[in-house]
file model_39.cif (mmCIF, C-alpha atoms)
data_entry
loop_
_atom_site.label_atom_id
_atom_site.label_comp_id
_atom_site.auth_asym_id
_atom_site.auth_seq_id
_atom_site.Cartn_x
_atom_site.Cartn_y
_atom_site.Cartn_z
CA MET L 1 -29.97 12.67 -7.22
CA VAL L 2 -28.40 15.59 -5.45
CA ARG L 3 -27.48 13.32 -2.61
CA ASP L 4 -25.53 11.02 -4.89
CA ARG L 5 -23.67 13.85 -6.48
CA LEU L 6 -22.68 15.17 -3.05
CA HIS L 7 -20.62 12.09 -2.36
CA GLY L 8 -16.92 12.51 -2.86
CA PRO L 9 -14.92 10.07 -4.98
CA ARG L 10 -14.02 6.89 -3.14
CA SER L 11 -10.24 7.12 -3.18
CA VAL L 12 -10.02 5.08 0.03
CA PRO L 13 -9.71 1.33 -0.65
CA GLU L 14 -13.08 -0.42 -0.56
CA SER L 15 -11.74 -2.97 1.89
CA LEU L 16 -11.47 -0.15 4.40
CA GLY L 17 -14.64 1.56 3.27
CA THR L 18 -16.49 1.54 6.58
CA TRP L 19 -17.97 4.65 8.19
CA MET L 20 -14.51 5.36 9.55
CA THR L 21 -12.89 5.92 6.18
CA ASP L 22 -15.84 7.00 4.08
CA PRO L 23 -15.33 10.64 3.08
CA ARG L 24 -18.90 11.26 1.89
CA ILE L 25 -20.47 14.53 2.93
CA GLU L 26 -24.05 14.55 4.11
CA LEU L 27 -26.07 17.30 5.70
CA GLN L 28 -25.93 15.73 9.17
CA THR L 29 -22.14 15.54 9.07
CA LEU L 30 -21.36 18.95 7.56
CA THR L 31 -19.65 20.52 10.57
CA ARG L 32 -17.70 17.41 11.38
CA ARG L 33 -16.54 16.87 7.79
CA CYS L 34 -15.60 20.54 7.51
CA ASN L 35 -13.43 20.33 10.64
CA GLU L 36 -11.87 17.08 9.44
CA ALA L 37 -11.09 18.58 6.04
CA LEU L 38 -9.51 21.66 7.64
CA ILE L 39 -7.35 19.58 9.97
CA LEU L 40 -6.26 17.10 7.32
CA THR L 41 -5.43 19.92 4.90
CA SER L 42 -3.36 21.67 7.54
CA LEU L 43 -1.52 18.45 8.35
CA ALA L 44 -0.94 17.79 4.64
CA ARG L 45 1.29 20.88 4.78
CA GLY L 46 3.38 19.33 7.56
CA ALA L 47 3.29 17.68 11.00
CA LYS L 48 2.02 19.92 13.81
CA HIS L 49 1.22 20.06 17.50
CA GLY L 50 -2.45 20.54 18.47
CA TYR L 51 -2.03 24.23 19.28
CA GLN L 52 -0.11 24.82 16.02
CA LEU L 53 -2.99 23.30 14.08
CA ALA L 54 -5.49 25.71 15.62
CA LEU L 55 -3.15 28.65 14.99
CA ASP L 56 -2.56 27.55 11.40
CA LEU L 57 -6.30 27.39 10.71
CA GLU L 58 -6.82 30.75 12.38
CA GLU L 59 -4.08 32.38 10.31
CA ARG L 60 -5.14 30.84 7.02
CA GLY L 61 -8.89 30.79 7.39
CA GLY L 62 -9.58 33.89 9.43
CA GLU L 63 -12.23 34.04 12.11
CA ARG L 64 -14.79 32.16 10.04
CA PHE L 65 -12.77 28.95 10.19
CA ALA L 66 -11.10 29.43 13.56
CA LEU L 67 -11.48 26.37 15.76
CA LYS L 68 -11.35 26.73 19.51
CA HIS L 69 -8.39 24.72 20.72
CA GLY L 70 -10.59 22.79 23.13
CA THR L 71 -12.78 21.49 20.32
CA LEU L 72 -9.79 20.10 18.43
CA TYR L 73 -9.03 17.20 20.74
CA PRO L 74 -12.11 15.03 20.11
CA ILE L 75 -11.58 15.44 16.35
CA LEU L 76 -7.84 14.79 16.52
CA HIS L 77 -8.21 11.74 18.74
CA ASP L 78 -10.99 10.40 16.54
CA LEU L 79 -8.88 10.84 13.39
CA GLU L 80 -5.98 9.18 15.20
CA LYS L 81 -8.12 6.25 16.27
CA ARG L 82 -9.34 5.81 12.69
CA GLY L 83 -5.72 5.65 11.49
CA LEU L 84 -6.00 8.83 9.41
CA ILE L 85 -3.42 10.71 11.45
CA GLU L 86 -0.67 9.56 13.79
CA GLY L 87 0.17 11.29 17.05
CA THR L 88 3.60 10.71 18.57
CA TRP L 89 5.08 12.00 21.79
CA SER L 90 8.62 13.25 21.60
CA ASP L 91 11.03 14.93 23.93
CA GLU L 92 11.60 18.48 22.72
CA GLY L 93 14.44 19.49 24.98
CA PRO L 94 13.74 22.23 27.50
CA ARG L 95 10.07 22.38 26.48
CA GLY L 96 9.65 18.77 27.61
CA LYS L 97 7.43 16.24 25.90
CA ARG L 98 5.02 17.28 23.20
CA LYS L 99 2.51 15.42 21.07
CA ARG L 100 2.82 15.98 17.37
CA TYR L 101 0.41 14.85 14.68
CA ARG L 102 1.19 13.82 11.14
CA LEU L 103 -0.90 12.53 8.28
CA THR L 104 -0.83 8.80 7.51
CA ARG L 105 -1.02 7.40 4.00
CA LEU L 106 -4.66 6.47 4.61
CA GLY L 107 -5.34 9.98 5.94
CA ARG L 108 -3.80 11.54 2.84
CA SER L 109 -6.07 9.48 0.62
CA TYR L 110 -9.11 10.18 2.79
CA GLY L 111 -8.28 13.90 2.86
CA ARG L 112 -8.10 14.01 -0.94
CA GLY L 113 -11.51 12.33 -1.18
CA LEU L 114 -12.91 14.72 1.39
CA ARG L 115 -11.62 17.81 -0.41
CA GLU L 116 -13.02 16.60 -3.70
CA GLY L 117 -16.30 15.83 -1.95
CA TRP L 118 -16.39 19.38 -0.61
CA VAL L 119 -15.82 20.87 -4.05
CA ALA L 120 -18.69 18.80 -5.43
CA PHE L 121 -20.85 19.75 -2.46
CA MET L 122 -20.16 23.46 -2.89
CA ASP L 123 -21.02 23.23 -6.61
CA GLU L 124 -24.31 21.57 -5.79
CA LEU L 125 -25.07 24.07 -3.05
CA SER L 126 -24.34 27.03 -5.33
CA GLN L 127 -26.57 25.48 -7.97
CA LEU L 128 -29.38 24.91 -5.48
CA LEU L 129 -29.15 28.42 -4.05
CA GLY L 130 -29.04 29.87 -7.57
CA GLU L 131 -32.22 28.01 -8.48
CA GLU L 132 -33.88 29.36 -5.35
CA GLU L 133 -33.05 32.96 -6.32
CA ALA L 134 -34.22 32.52 -9.90
CA MET Y 1 3.19 21.78 37.83
CA SER Y 2 1.34 23.98 35.35
CA GLN Y 3 0.13 27.54 35.69
CA PHE Y 4 -3.14 26.21 34.28
CA SER Y 5 -3.49 23.55 36.96
CA SER Y 6 -6.87 24.83 38.16
CA HIS Y 7 -8.24 24.73 34.61
CA LEU Y 8 -6.77 21.25 34.11
CA ARG Y 9 -8.22 20.02 37.41
CA HIS Y 10 -11.62 21.25 36.23
CA VAL Y 11 -11.22 19.35 32.95
CA ALA Y 12 -9.89 16.27 34.80
CA SER Y 13 -12.91 16.20 37.11
CA ARG Y 14 -15.25 16.02 34.09
CA LEU Y 15 -13.21 13.58 32.00
CA PRO Y 16 -14.61 10.05 32.47
CA ILE Y 17 -11.74 8.24 30.72
CA PRO Y 18 -9.91 5.26 32.21
CA GLU Y 19 -6.25 5.60 33.09
CA PRO Y 20 -3.72 5.87 31.53
CA ALA Y 21 -5.60 7.47 28.60
CA ARG Y 22 -6.91 10.19 30.94
CA SER Y 23 -3.40 11.21 32.00
CA ARG Y 24 -2.26 11.30 28.37
CA VAL Y 25 -5.15 13.57 27.34
CA LEU Y 26 -4.48 15.91 30.26
CA LEU Y 27 -0.77 16.04 29.46
CA GLU Y 28 -1.50 16.88 25.84
CA ILE Y 29 -3.88 19.68 26.79
CA ALA Y 30 -1.45 21.01 29.42
CA THR Y 31 1.50 21.16 27.02
CA ASP Y 32 -0.58 22.78 24.27
CA MET Y 33 -1.87 25.37 26.76
CA GLU Y 34 1.67 26.24 27.81
CA ASP Y 35 2.79 26.53 24.18
CA LEU Y 36 -0.13 28.76 23.20
CA PHE Y 37 0.54 30.93 26.24
CA ARG Y 38 4.20 31.34 25.21
CA HIS Y 39 3.11 32.09 21.65
CA LEU Y 40 0.71 34.83 22.78
CA VAL Y 41 3.22 36.39 25.16
CA ALA Y 42 5.90 36.30 22.47
CA GLY Y 43 3.40 38.09 20.23
CA GLY Y 44 3.23 40.98 22.71
CA MET Y 45 0.22 40.08 24.85
CA GLU Y 46 0.30 40.74 28.59
CA GLU Y 47 0.80 37.56 30.61
CA GLU Y 48 -2.48 37.91 32.48
CA ALA Y 49 -4.47 38.52 29.30
CA ALA Y 50 -2.67 35.64 27.59
CA ALA Y 51 -3.51 33.27 30.46
CA THR Y 52 -7.19 34.28 30.29
CA ALA Y 53 -7.25 33.86 26.50
CA VAL Y 54 -5.63 30.43 26.75
CA ALA Y 55 -8.11 29.26 29.40
CA GLU Y 56 -10.99 30.41 27.17
CA GLN Y 57 -9.54 28.69 24.12
CA PHE Y 58 -9.13 25.40 25.95
CA GLU Y 59 -12.59 25.31 27.49
CA LEU Y 60 -13.91 21.81 26.74
CA SER Y 61 -17.66 21.54 26.37
CA ASP Y 62 -19.60 18.63 27.84
CA ASP Y 63 -20.14 17.33 24.29
CA ALA Y 64 -16.40 17.40 23.59
CA LEU Y 65 -15.68 15.56 26.85
CA GLN Y 66 -18.32 12.96 26.11
CA GLU Y 67 -16.87 12.44 22.66
CA LEU Y 68 -13.39 11.99 24.10
CA SER Y 69 -14.80 9.48 26.52
CA LEU Y 70 -16.35 7.46 23.68
CA ILE Y 71 -13.15 7.60 21.63
CA HIS Y 72 -11.02 6.30 24.48
CA SER Y 73 -13.38 3.56 25.54
CA SER Y 74 -12.93 0.91 22.87
CA PRO Y 75 -13.68 -2.57 24.24
CA VAL Y 76 -10.13 -3.83 23.64
CA SER Y 77 -8.25 -0.92 25.17
CA ARG Y 78 -10.75 -0.69 28.04
CA SER Y 79 -10.32 -4.35 28.91
CA LEU Y 80 -6.53 -4.22 28.58
CA GLU Y 81 -6.29 -1.11 30.71
CA SER Y 82 -8.71 -2.33 33.35
CA LEU Y 83 -6.85 -5.63 33.48
CA SER Y 84 -3.49 -4.00 34.09
CA GLY Y 85 -5.06 -1.36 36.32
CA GLN Y 86 -6.39 -3.92 38.77
CA ALA Y 87 -3.10 -4.30 40.57
CA ARG Y 88 -2.30 -0.85 41.84
CA SER Y 89 -2.06 -1.37 45.59
CA THR Y 90 1.23 -2.40 47.16
CA TRP Y 91 -0.16 -5.67 48.47
CA GLU Y 92 -1.60 -6.65 45.12
CA ARG Y 93 1.74 -5.99 43.52
CA VAL Y 94 3.59 -7.97 46.16
CA ILE Y 95 1.30 -10.98 45.67
CA LEU Y 96 1.69 -10.80 41.90
CA GLY Y 97 5.43 -10.40 42.29
CA LEU Y 98 5.60 -13.51 44.46
CA MET Y 99 3.52 -15.39 41.89
CA ALA Y 100 5.88 -14.34 39.15
CA LEU Y 101 9.03 -15.06 41.16
CA PHE Y 102 8.13 -18.40 42.70
CA LEU Y 103 4.98 -19.98 41.33
CA ILE Y 104 5.60 -19.77 37.62
CA PRO Y 105 9.27 -20.72 37.58
CA GLY Y 106 8.52 -23.31 40.28
CA ALA Y 107 5.75 -24.89 38.26
CA ALA Y 108 7.13 -24.51 34.80
CA GLY Y 109 10.85 -23.82 35.23
CA GLY Y 110 11.68 -27.40 36.12
CA LEU Y 111 9.81 -28.65 33.13
CA PHE Y 112 11.44 -26.15 30.83
CA LEU Y 113 14.84 -27.61 31.72
CA GLN Y 114 13.86 -31.15 30.73
CA PRO Y 115 14.94 -31.88 27.16
CA THR Y 116 12.25 -34.59 26.89
CA LEU Y 117 9.59 -31.90 27.07
CA TYR Y 118 10.78 -30.43 23.77
CA GLY Y 119 11.07 -33.89 22.24
CA ASP Y 120 7.53 -34.78 23.28
CA ALA Y 121 5.99 -31.49 22.19
CA SER Y 122 4.84 -30.55 18.72
CA PRO Y 123 7.54 -29.24 16.34
CA LEU Y 124 5.86 -25.88 16.89
CA ALA Y 125 7.43 -25.85 20.37
CA PHE Y 126 10.61 -24.37 18.92
CA LEU Y 127 8.61 -21.57 17.40
CA LEU Y 128 6.95 -21.05 20.80
CA MET Y 129 10.35 -20.79 22.43
CA ALA Y 130 11.54 -18.34 19.80
CA ILE Y 131 8.51 -16.14 20.44
CA LEU Y 132 9.01 -16.41 24.20
CA THR Y 133 12.63 -15.33 23.76
CA LEU Y 134 11.45 -12.39 21.70
CA GLY Y 135 8.92 -11.49 24.42
CA LEU Y 136 11.58 -11.76 27.15
CA GLY Y 137 13.94 -9.58 25.15
CA LEU Y 138 11.26 -7.00 24.51
CA GLY Y 139 10.25 -7.10 28.19
CA LEU Y 140 13.84 -6.59 29.31
CA TRP Y 141 14.31 -3.69 26.89
CA LYS Y 142 11.08 -2.02 28.06
CA ALA Y 143 11.93 -2.66 31.74
CA ILE Y 144 15.27 -0.90 31.31
CA ALA Y 145 13.52 2.01 29.58
CA LEU Y 146 10.72 2.26 32.16
CA PHE Y 147 12.76 1.85 35.33
CA ARG Y 148 15.62 4.08 34.26
CA PRO Y 149 15.19 7.62 35.68
CA LEU Y 150 13.48 9.75 33.05
CA PRO Y 151 14.42 13.40 32.56
CA ASP Y 152 11.71 15.87 33.64
CA GLY Y 153 9.01 16.10 31.03
CA ALA Y 154 10.35 13.21 28.96
CA PRO Y 155 7.65 11.00 27.41
CA VAL Y 156 6.95 7.61 28.96
CA PRO Y 157 8.55 5.10 26.54
CA ARG Y 158 5.49 3.01 25.71
CA GLN Y 159 6.48 1.95 22.20
CA GLY Y 160 6.28 -1.80 21.85
CA LEU Y 161 4.51 -2.40 25.15
CA ARG Y 162 1.26 -3.51 23.53
CA THR Y 163 3.22 -6.10 21.54
CA LEU Y 164 3.59 -8.22 24.69
CA PRO Y 165 -0.10 -9.18 25.12
CA GLY Y 166 -0.14 -9.79 21.37
CA LEU Y 167 2.79 -12.21 21.74
CA SER Y 168 1.02 -13.87 24.64
CA LEU Y 169 -2.06 -14.41 22.51
CA LEU Y 170 0.10 -15.68 19.65
CA LEU Y 171 1.76 -18.21 21.97
CA LEU Y 172 -1.62 -19.52 23.08
CA SER Y 173 -2.94 -19.69 19.52
CA LEU Y 174 0.15 -21.55 18.30
CA GLY Y 175 -0.13 -23.97 21.22
CA PHE Y 176 -3.71 -24.81 20.31
CA ALA Y 177 -2.84 -24.96 16.62
CA GLY Y 178 0.00 -27.40 17.37
CA VAL Y 179 -2.33 -29.66 19.34
CA TRP Y 180 -4.98 -29.75 16.60
CA VAL Y 181 -2.50 -30.22 13.77
CA GLU Y 182 -0.98 -33.19 15.59
CA LEU Y 183 -4.45 -34.58 16.28
CA TYR Y 184 -5.16 -34.46 12.56
CA ARG Y 185 -1.88 -36.22 11.80
CA SER Y 186 -2.65 -38.87 14.41
CA ALA Y 187 -6.10 -39.39 12.88
CA LEU Y 188 -4.49 -39.93 9.47
CA ALA Y 189 -2.08 -42.43 10.98
CA ILE Y 190 -4.93 -44.27 12.69
CA ARG Y 191 -6.80 -44.49 9.39
CA ARG Y 192 -3.76 -46.07 7.79
CA ALA Y 193 -3.17 -48.50 10.68
CA PRO Y 194 -6.31 -48.89 12.84
CA GLU Y 195 -4.68 -51.59 14.92
CA LEU Y 196 -2.26 -48.99 16.30
CA ALA Y 197 -5.00 -46.50 17.22
CA LEU Y 198 -4.39 -46.66 20.96
CA ARG Y 199 -0.68 -46.08 20.55
CA TYR Y 200 -1.24 -43.10 18.28
CA LEU Y 201 -3.81 -41.61 20.64
CA VAL Y 202 -1.53 -41.95 23.64
CA GLU Y 203 1.32 -40.38 21.69
CA TRP Y 204 -0.96 -37.53 20.69
CA LEU Y 205 -2.07 -37.01 24.29
CA HIS Y 206 1.55 -36.92 25.39
CA MET Y 207 2.43 -34.42 22.69
CA ALA Y 208 -0.65 -32.28 23.37
CA CYS Y 209 0.12 -32.02 27.09
CA ALA Y 210 3.76 -31.10 26.46
CA THR Y 211 2.84 -28.49 23.85
CA MET Y 212 0.17 -26.91 26.01
CA VAL Y 213 2.44 -26.80 29.06
CA LEU Y 214 4.98 -24.90 26.98
CA ALA Y 215 2.41 -22.64 25.33
CA LEU Y 216 0.50 -21.78 28.52
CA SER Y 217 3.62 -21.17 30.59
CA ALA Y 218 5.19 -18.99 27.91
CA ALA Y 219 1.93 -17.06 27.38
CA LEU Y 220 1.45 -16.54 31.13
CA LEU Y 221 5.02 -15.37 31.58
CA THR Y 222 4.75 -12.91 28.68
CA ALA Y 223 1.39 -11.62 29.97
CA LEU Y 224 2.79 -11.11 33.47
CA ILE Y 225 5.75 -9.17 32.13
CA TRP Y 226 3.35 -6.93 30.17
CA PHE Y 227 1.15 -6.56 33.26
CA PHE Y 228 4.03 -5.22 35.38
CA LEU Y 229 5.42 -2.97 32.66
CA GLU Y 230 1.98 -1.56 31.80
CA ASN Y 231 1.47 -0.76 35.47
CA ARG Y 232 4.83 0.95 35.61
CA ALA Y 233 4.06 3.04 32.51
CA ALA Y 234 0.62 4.00 33.86
CA HIS Y 235 2.19 4.92 37.19
CA LEU Y 236 4.73 7.21 35.47
CA GLU Y 237 1.97 8.87 33.44
CA GLU Y 238 -0.26 9.37 36.46
CA ARG Y 239 2.66 10.89 38.37
CA SER Y 240 3.31 13.22 35.46
CA ALA Y 241 -0.35 14.23 35.27
CA ALA Y 242 -0.58 14.68 39.03
CA ALA Y 243 2.40 17.04 38.85
CA ILE Y 244 0.69 19.33 36.37
CA LEU Y 245 -2.57 19.24 38.33
CA GLU Y 246 -0.89 20.40 41.56
CA PRO Y 247 -1.98 23.89 42.53
CA GLN Y 248 0.69 26.52 42.09
CA GLY Y 249 2.05 28.02 45.26
#

call {"tool": "encode", "arguments": {"input": "model_39.cif", "output": "C-alpha cells"}}
result
Amino acid sequence: MVRDRLHGPRSVPESLGTWMTDPRIELQTLTRRCNEALILTSLARGAKHGYQLALDLEERGGERFALKHGTLYPILHDLEKRGLIEGTWSDEGPRGKRKRYRLTRLGRSYGRGLREGWVAFMDELSQLLGEEEA
Amino acid sequence: MSQFSSHLRHVASRLPIPEPARSRVLLEIATDMEDLFRHLVAGGMEEEAAATAVAEQFELSDDALQELSLIHSSPVSRSLESLSGQARSTWERVILGLMALFLIPGAAGGLFLQPTLYGDASPLAFLLMAILTLGLGLGLWKAIALFRPLPDGAPVPRQGLRTLPGLSLLLLSLGFAGVWVELYRSALAIRRAPELALRYLVEWLHMACATMVLALSAALLTALIWFFLENRAAHLEERSAAAILEPQG
C-alpha cells in the first residue's frame, strides 16, 4: 500500500512510460531520484553549464545537498541520453567552447512528476516515522 | 593545454569510452574545471588552493566512470563510431579516397547520366535523387564547416552529421520499397492478363535492377560522405582533447 502511494503522478505520456521516463520513487533509487530532482529543478530555473549547476545546488541547498562536480556527469549524460535535458556546445568568445544544459519539454514534465513524487514520499516517510515514535 | 592536464590525463586513462565520445567528455570536464577555478579565484581564493579544491571536486569515482562508460556505449552509437573510426591511418584513408573518387563514379556515374535508367526505374527514383541531392548538399555544407579553420576553442560543428547515415538508410529502404511495390503491381497485372506474365516479369526485373542500382549507389555515396566527415570531426575533437591533456611546461 505504502509502495503504491510513493509513486508520483504519471505526467509523462504513457507511450514513453519506460524505465527511462518513469518518475516513480522507490527505496533502491532514492539517491538517484534525489539527484535527478535537484538537477531538473535547477535547470527549470534556467539553462546552465555543469559547474554552474553544482554551484547553484550548493548555494541553494547548503552542504546537505551539495553534489561533487565529478558526480554530476554520469547523471547529466544519462538525463541527456533519456531526452530529459539537452546539452549543446557553443562558442562563448574568449572562454572558448562550453557545454550548456537546458530542460526539454519531456524533462519538464518528468521533473514535475518527480517533484510531486518526492512530496508524496516525504509525507509517507513522515507518517511512518511518526508511527514508529508513537 | 589545461592547467589541470595531469588530472585530466588520470581521468582519461580510466575512461573506457570509444572516441569521439571520450574526447567530448574530457573537453566538458576540462572547461568546467577551468570555469570553477576562475569562479573560486574571483571569489578571493588563492590560486593554489583553488586548483586543489577544483581537482578534489572533479575527482571521478570508479562507479561514476563505469556509469559514463555504460551511457556512452549504446549499440547504435558504438557501431556508428567504430565504423567511422576504422579508417584512421593515412593508407586506409587514401584507399577509401581512391574508392570514392574513382570506383563509385566509375561504376555508377556513367549509369547516372543515362536518361533510360530513370525511365526504367520505379517512379520512386525521383524521390531517391531528391534525397541524394539533399545528402550531397548537407555533405558539402558540413565539409565547408569542418575543413574551414576553426578558431581556438570553437566547438566542432557536428550538427546534422548524423543525418547522413539516416539518409543513406532511407535511400536503401526506399529502393527496396520501390522494388516490392512494383512487384505487387506486376503481380496484379499478371492476374488480369496471365498470357502476358513473362513480359510483366521481365519488365519488373528491368525496373527492379534500375531502381536498386540508383538506390545502392546513392546510399553508398551518402554513407561515404558521412564516413569522411565523421572522421574529420573525430580528428578535430581528438586534437582538441590532446591539446588539453598536454602537460604544462

call {"tool": "residues_near_point", "arguments": {"input": "model_39.cif", "point": "(-13.0, 17.0, 23.2)", "cutoff": "7 Å", "atoms": "only C-alpha atoms", "output": "list of chain:residue names"}}
result
L:Gly70, L:Thr71, L:Leu72, L:Tyr73, L:Pro74, Y:Leu60, Y:Ala64, Y:Leu65, Y:Glu67, Y:Leu68

call {"tool": "closest_atom_pairs", "arguments": {"input": "model_39.cif", "of": "chain L", "to": "chain Y", "cutoff": "8 Å", "atoms": "only C-alpha atoms", "output": "JSON lines"}}
result
{"residue": "L:His49", "atom": "CA", "partner": "Y:Asp32", "partner_atom": "CA", "distance": 7.5}
{"residue": "L:Gly50", "atom": "CA", "partner": "Y:Asp32", "partner_atom": "CA", "distance": 6.5}
{"residue": "L:Tyr51", "atom": "CA", "partner": "Y:Asp32", "partner_atom": "CA", "distance": 5.4}
{"residue": "L:Lys68", "atom": "CA", "partner": "Y:Gln57", "partner_atom": "CA", "distance": 5.3}
{"residue": "L:His69", "atom": "CA", "partner": "Y:Phe58", "partner_atom": "CA", "distance": 5.3}
{"residue": "L:Gly70", "atom": "CA", "partner": "Y:Phe58", "partner_atom": "CA", "distance": 4.1}
{"residue": "L:Thr71", "atom": "CA", "partner": "Y:Ala64", "partner_atom": "CA", "distance": 6.4}
{"residue": "L:Tyr73", "atom": "CA", "partner": "Y:Leu68", "partner_atom": "CA", "distance": 7.6}
{"residue": "L:Pro74", "atom": "CA", "partner": "Y:Leu68", "partner_atom": "CA", "distance": 5.2}
{"residue": "L:His77", "atom": "CA", "partner": "Y:Ile71", "partner_atom": "CA", "distance": 7.1}
{"residue": "L:Asp78", "atom": "CA", "partner": "Y:Ile71", "partner_atom": "CA", "distance": 6.2}
{"residue": "L:Lys81", "atom": "CA", "partner": "Y:Ile71", "partner_atom": "CA", "distance": 7.5}
{"residue": "L:Trp89", "atom": "CA", "partner": "Y:Pro155", "partner_atom": "CA", "distance": 6.3}
{"residue": "L:Ser90", "atom": "CA", "partner": "Y:Pro155", "partner_atom": "CA", "distance": 6.3}
{"residue": "L:Asp91", "atom": "CA", "partner": "Y:Ala154", "partner_atom": "CA", "distance": 5.4}
{"residue": "L:Arg95", "atom": "CA", "partner": "Y:Gly153", "partner_atom": "CA", "distance": 7.8}
{"residue": "L:Gly96", "atom": "CA", "partner": "Y:Gly153", "partner_atom": "CA", "distance": 4.4}
{"residue": "L:Lys97", "atom": "CA", "partner": "Y:Ala154", "partner_atom": "CA", "distance": 5.2}
{"residue": "L:Arg98", "atom": "CA", "partner": "Y:Thr31", "partner_atom": "CA", "distance": 6.5}
{"residue": "L:Lys99", "atom": "CA", "partner": "Y:Glu28", "partner_atom": "CA", "distance": 6.4}

call {"tool": "residues_near_point", "arguments": {"input": "model_39.cif", "point": "(-5.9, 16.5, 8.2)", "cutoff": "12 Å", "atoms": "only C-alpha atoms", "output": "NGL selection string"}}
result
:L and (33-48 or 50 or 53-54 or 56-57 or 72 or 75-80 or 83-87 or 101-115)

call {"tool": "closest_residue", "arguments": {"input": "model_39.cif", "among": "Y:Glu48, Y:Leu174, Y:Asp62, Y:Ser122", "to": "Val11 of chain Y", "atoms": "all atoms listed in the file"}}
result
Y:Asp62

call {"tool": "residues_around", "arguments": {"input": "model_39.cif", "residues": "Ala241 of chain Y", "least_positions_apart": "4", "cutoff": "7 Å", "atoms": "all atoms listed in the file", "output": "PyMOL selection string"}}
result
chain Y and resi 23+26-27+237+245

call {"tool": "atom_distance", "arguments": {"input": "model_39.cif", "atom1": "atom CA of Thr163 of chain Y", "atom2": "atom CA of Leu138 of chain Y"}}
result
8.6 Å

call {"tool": "residues_around", "arguments": {"input": "model_39.cif", "residues": "segment 189-192 of chain Y", "least_positions_apart": "6", "cutoff": "12 Å", "atoms": "all atoms listed in the file", "output": "VMD selection string"}}
result
chain Y and resid 182 to 183 198 to 204

call {"tool": "atom_distance", "arguments": {"input": "model_39.cif", "atom1": "atom CA of Leu132 of chain Y", "atom2": "atom CA of Val181 of chain Y"}}
result
20.8 Å

call {"tool": "atom_distance", "arguments": {"input": "model_39.cif", "atom1": "atom CA of Gly137 of chain Y", "atom2": "atom CA of Leu224 of chain Y"}}
result
14.0 Å

call {"tool": "closest_residue", "arguments": {"input": "model_39.cif", "among": "Y:Leu161, Y:Pro123, Y:Leu140, Y:Gln3", "to": "Gly178 of chain Y", "atoms": "all atoms listed in the file"}}
result
Y:Pro123

call {"tool": "closest_residue", "arguments": {"input": "model_39.cif", "among": "Y:Ile17, Y:Met129, Y:Ala12, Y:Leu150", "to": "Ala233 of chain Y", "atoms": "all atoms listed in the file"}}
result
Y:Leu150

call {"tool": "resolve_selection", "arguments": {"input": "model_39.cif", "expression": "the PyMOL selection byres ((chain Y and resi 229) around 8)", "output": "compact mmCIF listing (two decimals) with C-alpha atoms, keeping the file's coordinate frame"}}
result
# COMPACT_ATOMS: atom_id res chain seq x y z
CA GLY Y 139 10.25 -7.10 28.19
CA LYS Y 142 11.08 -2.02 28.06
CA ALA Y 143 11.93 -2.66 31.74
CA LEU Y 146 10.72 2.26 32.16
CA LEU Y 161 4.51 -2.40 25.15
CA ILE Y 225 5.75 -9.17 32.13
CA TRP Y 226 3.35 -6.93 30.17
CA PHE Y 227 1.15 -6.56 33.26
CA PHE Y 228 4.03 -5.22 35.38
CA GLU Y 230 1.98 -1.56 31.80
CA ASN Y 231 1.47 -0.76 35.47
CA ARG Y 232 4.83 0.95 35.61
CA ALA Y 233 4.06 3.04 32.51

call {"tool": "closest_residue", "arguments": {"input": "model_39.cif", "among": "L:Gln52, L:Glu92, L:Arg82, L:Leu67", "to": "Thr31 of chain L", "atoms": "only C-alpha atoms"}}
result
L:Leu67
